[in-house]
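Visitor: This structure is in structure tokens; I'll ask about it shortly.
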Amino acid sequence: MHRALLLLIALAWALPARGQEPNEVRVRAAPRPPREAVSTAVSAEQARHVAGTQGDVGKVVDSLPGVARPPLGSGQLVVWGSAPADTRVYVDGVEIPALYHGSGLRSVINSDLVSQVTLLPGAFGADYGRTLGGTVRVETRPLRDEGVHGYAGADTFDASGLVSAAIGPRARAGVAARYSYLDALLAATSARDIGDYFPIPRYRDYQARAAFDIGENESLDVTLLGAHDALDRTVASADPAKTRRESTESGFHRVYARYKRTTGEAEGIEVTPFVGYDQSALTTSFGAQPTRLDVGSYRYGLRASYRARLGRSLVVSAGFDASGTASRITRRGSLTLPPREGDVSVFGAPPSDDTTADEFTAHLLDAAPHLSLDVRLGDVTITPGVRLETFLLEGSRLTPNVSGQTPTVGFSRLEPSIDPRLLVRYQLTPRVAFLAAGGVYHQAPEPADLSAVFGTPTLGLSRALHASLGERITLGSGLSAEVTGFYKSMHDLVVRSREVNPQLAHALVQDGEGRSYGLQFMVRRELGHGLSGWFSYTVSRSERRYPEQVRYRLFDFDQPHVLVLALSQEIGRWVFGARFRYASGMPRTPVVGSYYDVANDRSEPIFGAQNAVRLPAFYQLDARVERSFPLGRGVTLALSLDVQNVTYHENAEELVYTPDFRARGTLRGLPTLAVVGAKVEF
């Protein structure tokens, strides 16, 4: 690896510095100074041609360096060894609960409204926070300022459409919607039992926008976003009492206004207030023991930023980032469902016999002013920043309600934090740059974890330290390479209490520790002459432990090796694409024996060392072909075929056991899946 780096440096030094190719020039008003040592931005034009995404721009995130392959059908984002709930997703700076629908088949934002998707796996600047993991930023594109435009399309998964129109010289409006029918399609075929292994989602989403040009370099957009998902999964059994069922339903709505004013290069003002509502319901049953978790949350916030150049070598950025969540949570059933990271369990095993219930409210508010400076000293640019977080944590119950006689005593407390950030960039040559970054990050507990029955109302903030060191090399003609080493330490993580009988209102404790470290490498070809793509490889290790443990254990989502090769080529009206992915299997705790529970008439597993075995490695080849046909008068028909798992490789997705735990097998992933689509654009 060291020799490869030296070779790249020598090659970049020897290449003559040239300007960008004409097709690479991009003009943007008020460019934001870079405050991330590690970021991967993919334009919508490039992302829509990546094989395996079915033309969905948001799904490109799964193929970026630093992102582990998620469990089949989960749609989770595991970035730099952080838990899925620790990575935030933003649309135009407004947080949404998830990037993907249900099983991860689709993103929740219409691709024709997306301009760019950017992944910040860690060590990012002071303008974003309240997370221990990474950040995904989706930037939407402006509506066209002339005429009426849009599309209508359908494929194997769903149907969607968009229409936008200019309303006078200074106003535009647009609306988009999508509706899935894959479940109905499978129900009408012999493949209806596929839902026993891969949860088939029912989803829909919508977007609407009104845009106004207030004056020169001044605009106002009002945007409405929404999505809804439903998933049902059944693991059948010959004994109806042992059939396991799981149903999830979720959705969100957001409305935000974005005011932008550009006053000069790297200067401007942006203000984005928002309100919304999130809803989720999870029902899990094993025989006659159901568990249900309902969460309804009102969301509100404000993001504001101001950038100004104070001289040739100094740019200052100041901002305010506030986000609030007022939730009502109802939960009843087993204390061990849904499972948490670190729980030792086996797929399909029944829950514990204990059942209880709780209903409460929680309010979390974070107000964070932040400040950053860009100081240029010759070839070195230093960007110090600081984020002053103040979390307000409130809840309706500090202790459980016992037999309806316990007085209602709530809680309210402030949790302040100071999060410094730093980026140093050294431009060795016009083509070679070295970057180092680090920072402190804090995250509030999830509202559901503040339950006096299932959680702990006194939970505070978790914290993490991020550090990265990397090199970027521009090789010319749209070709670049970068290598980054990263380290992340996590403290005060919320975990389940290890006590057999935890203290009252202390089912969860905040003494978990974690660390993640690794190296990621990427060679990328920007879109030029019809060719685009990248090769990325990430080698990493993510671990967790409790204070009483000397040695770390493997994180439940740890994947030491993740490799992606994605290429696409435009030839006239044809587009061809291919993607190959390889990922290590995630760790699992093996069952080494069993005993018979006479009281419950079932076998119970005896576990070996935690996360001592791994699932077999995953690999898959996907292919995509598109063809466009002009129909006249500005109308175009586009046909596509996206084939996943071309080689029909049977990837193992989970370990499964016989009812007596004497034999072990694997749950297989999806076979070859061909997605045929058609789209009429006007």
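FYI, nothing fancy with the structure tokens labels: chains A, B, ... in order, residues from 1 per chain, ligands from 1 as they appear.
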Pick out the residues sitting within 7 Å of A:Arg668, and hand them over as an mmCIF file with C-alpha atoms, in the first residue's frame; count only C-alpha atoms, and ignore anything fewer than 4 positions along from it in its own chain.

Guide:
```
data_model
loop_
_atom_site.group_PDB
_atom_site.id
_atom_site.type_symbol
_atom_site.label_atom_id
_atom_site.label_comp_id
_atom_site.auth_asym_id
_atom_site.auth_seq_id
_atom_site.Cartn_x
_atom_site.Cartn_y
_atom_site.Cartn_z
ATOM 1 C CA GLU A 650 -26.835 -17.648 -3.471
ATOM 2 C CA ASN A 651 -25.627 -15.257 -0.794
ATOM 3 C CA ALA A 652 -26.154 -16.269 2.823
ATOM 4 C CA GLU A 653 -28.055 -13.561 4.715
#
```

Visitor: Fewer than 5 positions away in the same chain doesn't count, so skip those; otherwise give me all residues within 12 Å of A:Gly147, counting only C-alpha atoms, as a PyMOL selection string.

Guide: chain A and resi 163-169+171-174+634+682

Visitor: What lies within 8 Å of stretch 448-453 of chain A using only C-alpha atoms, ignoring chain neighbours under 6 positions off, as number ranges by chain?

Guide: A: 295, 329, 356-358, 360, 362, 395, 397-400, 459, 504-508

Visitor: Of the residues A:Ser372, A:Ser462, A:Thr406, A:Ser74, which is the one nearest to A:Pro420, using only C-alpha atoms?

Guide: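 Ranked by minimum distance to A:Pro420, first place goes to A:Ser372.
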
Visitor: Hey, which of A:Tyr128, A:Arg553, A:Ala211, A:Asp155 ends up closest to A:Val676? Count only C-alpha atoms.

Guide: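 Counting only C-alpha atoms, the residue closest to A:Val676 is A:Asp155.
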
Visitor: Which is closest to A:Gly301 among A:Gly324, A:Gly470, A:Gly73, A:Gly134, if we use only C-alpha atoms?

Guide: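 Checking each of A:Gly324, A:Gly470, A:Gly73, A:Gly134 against A:Gly301, counting only C-alpha atoms, the winner is A:Gly324.
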
Visitor: Considering only C-alpha atoms, return as a ChimeraX atom specification whatever protein or nucleic-acid residues lie within 9 Å of A:Arg303, sequence-local ones (same chain, fewer than 2 positions apart) excluded.

Guide: /A:93-94,270-274,301,305,319-323

Visitor: Report as number ranges by chain all protein, DNA and RNA residues lying within 10 Å of A:Pro290, evaluated on only C-alpha atoms, omitting residues in the same chain fewer than 4 positions from it.

Guide: A: 244-246, 283-286, 332-334, 337, 351, 355

Visitor: Residues of the last selection are to be written out with C-alpha atoms, as a compact mmCIF listing (two decimals), in the first residue's frame.

Guide:
```
# COMPACT_ATOMS: atom_id res chain seq x y z
CA ARG A 244 -43.37 -15.58 14.05
CA ARG A 245 -44.89 -12.46 12.55
CA GLU A 246 -43.47 -8.98 12.23
CA THR A 283 -45.55 -5.29 16.00
CA THR A 284 -43.72 -8.56 16.64
CA SER A 285 -45.41 -11.75 17.78
CA PHE A 286 -44.25 -15.27 18.49
CA ARG A 332 -46.04 -3.16 25.46
CA GLY A 333 -44.68 -6.70 25.38
CA SER A 334 -41.28 -8.31 25.95
CA LEU A 337 -37.93 -7.03 21.63
CA PRO A 351 -38.77 -13.70 23.18
CA THR A 355 -44.21 -8.74 29.43
```

Visitor: Distance atom CA of A:Thr131-atom CA of A:Gly514, one decimal place?

Guide: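 Atom CA of A:Thr131 sits 14.6 Å away from atom CA of A:Gly514.
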
Visitor: List the spatial neighbours of stretch 38-55 of chain A as a PDB file with C-alpha atoms, in the first residue's frame - criterion: any atom at most 6 Å away, only C-alpha atoms, same-chain residues fewer than 2 positions off excluded.

Guide:
```pdb
ATOM      1  CA  GLU A  36     -14.608  17.982   5.241  1.00  0.00           C
ATOM      2  CA  VAL A  57     -30.133   8.319  -7.433  1.00  0.00           C
ATOM      3  CA  LYS A  59     -29.408   4.207  -3.800  1.00  0.00           C
ATOM      4  CA  VAL A  60     -25.892   5.112  -4.928  1.00  0.00           C
ATOM      5  CA  SER A 115     -29.127  17.395  -7.957  1.00  0.00           C
ATOM      6  CA  GLN A 116     -26.417  15.680  -5.903  1.00  0.00           C
ATOM      7  CA  VAL A 117     -25.935  13.148  -3.108  1.00  0.00           C
ATOM      8  CA  THR A 118     -22.994  13.613  -0.723  1.00  0.00           C
ATOM      9  CA  LEU A 119     -21.717  11.180   1.898  1.00  0.00           C
ATOM     10  CA  LEU A 120     -19.725  12.487   4.861  1.00  0.00           C
ATOM     11  CA  GLY A 577     -23.468  -0.242 -16.749  1.00  0.00           C
ATOM     12  CA  ALA A 578     -22.068  -2.902 -14.431  1.00  0.00           C
ATOM     13  CA  ARG A 579     -21.397  -3.092 -10.712  1.00  0.00           C
ATOM     14  CA  ASP A 622     -25.312  -6.352 -11.379  1.00  0.00           C
ATOM     15  CA  ALA A 623     -25.841  -5.050 -14.922  1.00  0.00           C
ATOM     16  CA  ARG A 624     -27.894  -2.276 -16.480  1.00  0.00           C
ATOM     17  CA  ASP A 642     -31.571  -3.577 -14.519  1.00  0.00           C
ATOM     18  CA  GLN A 644     -29.357  -7.790 -10.012  1.00  0.00           C
TER      19      GLN A 644
END
```

Visitor: Would you mind writing down, as a list in words, each residue of stretch 17-187 of chain A that DSSP on the backbone assigns to helix (DSSP H, G or I)?

Guide: Pro22, Asn23, Glu24, Ala44, Glu45, Gln46, Ala47, Val57, Gly58, Lys59, Val60, Val61, Asp62, Ser63, Pro84, Ala85, Asp86, Ser111, Asp112, Leu113, Leu182, Asp183, Ala184, Leu185, Leu186 and Ala187 of chain A

Visitor: Taking 5 positions as the minimum chain separation for residues in the same chain, which residues sit within 9 Å of A:Gln427 when counting only C-alpha atoms? Answer as a ChimeraX atom specification.

Guide: /A:378-381,432-435

Visitor: Restricting it to C-alpha atoms, dump the selection as a tab-separated table (two decimals), in the first residue's frame.

Guide:
```tsv
chain	number	residue	atom	x	y	z
A	378	GLY	CA	0.05	29.92	1.26
A	379	ASP	CA	-0.43	26.27	0.33
A	380	VAL	CA	-2.01	25.48	3.70
A	381	THR	CA	-5.66	26.11	4.55
A	432	VAL	CA	-1.82	16.57	-4.81
A	433	ALA	CA	-3.42	17.55	-1.51
A	434	PHE	CA	-3.09	16.14	2.01
A	435	LEU	CA	-5.97	16.53	4.45
```
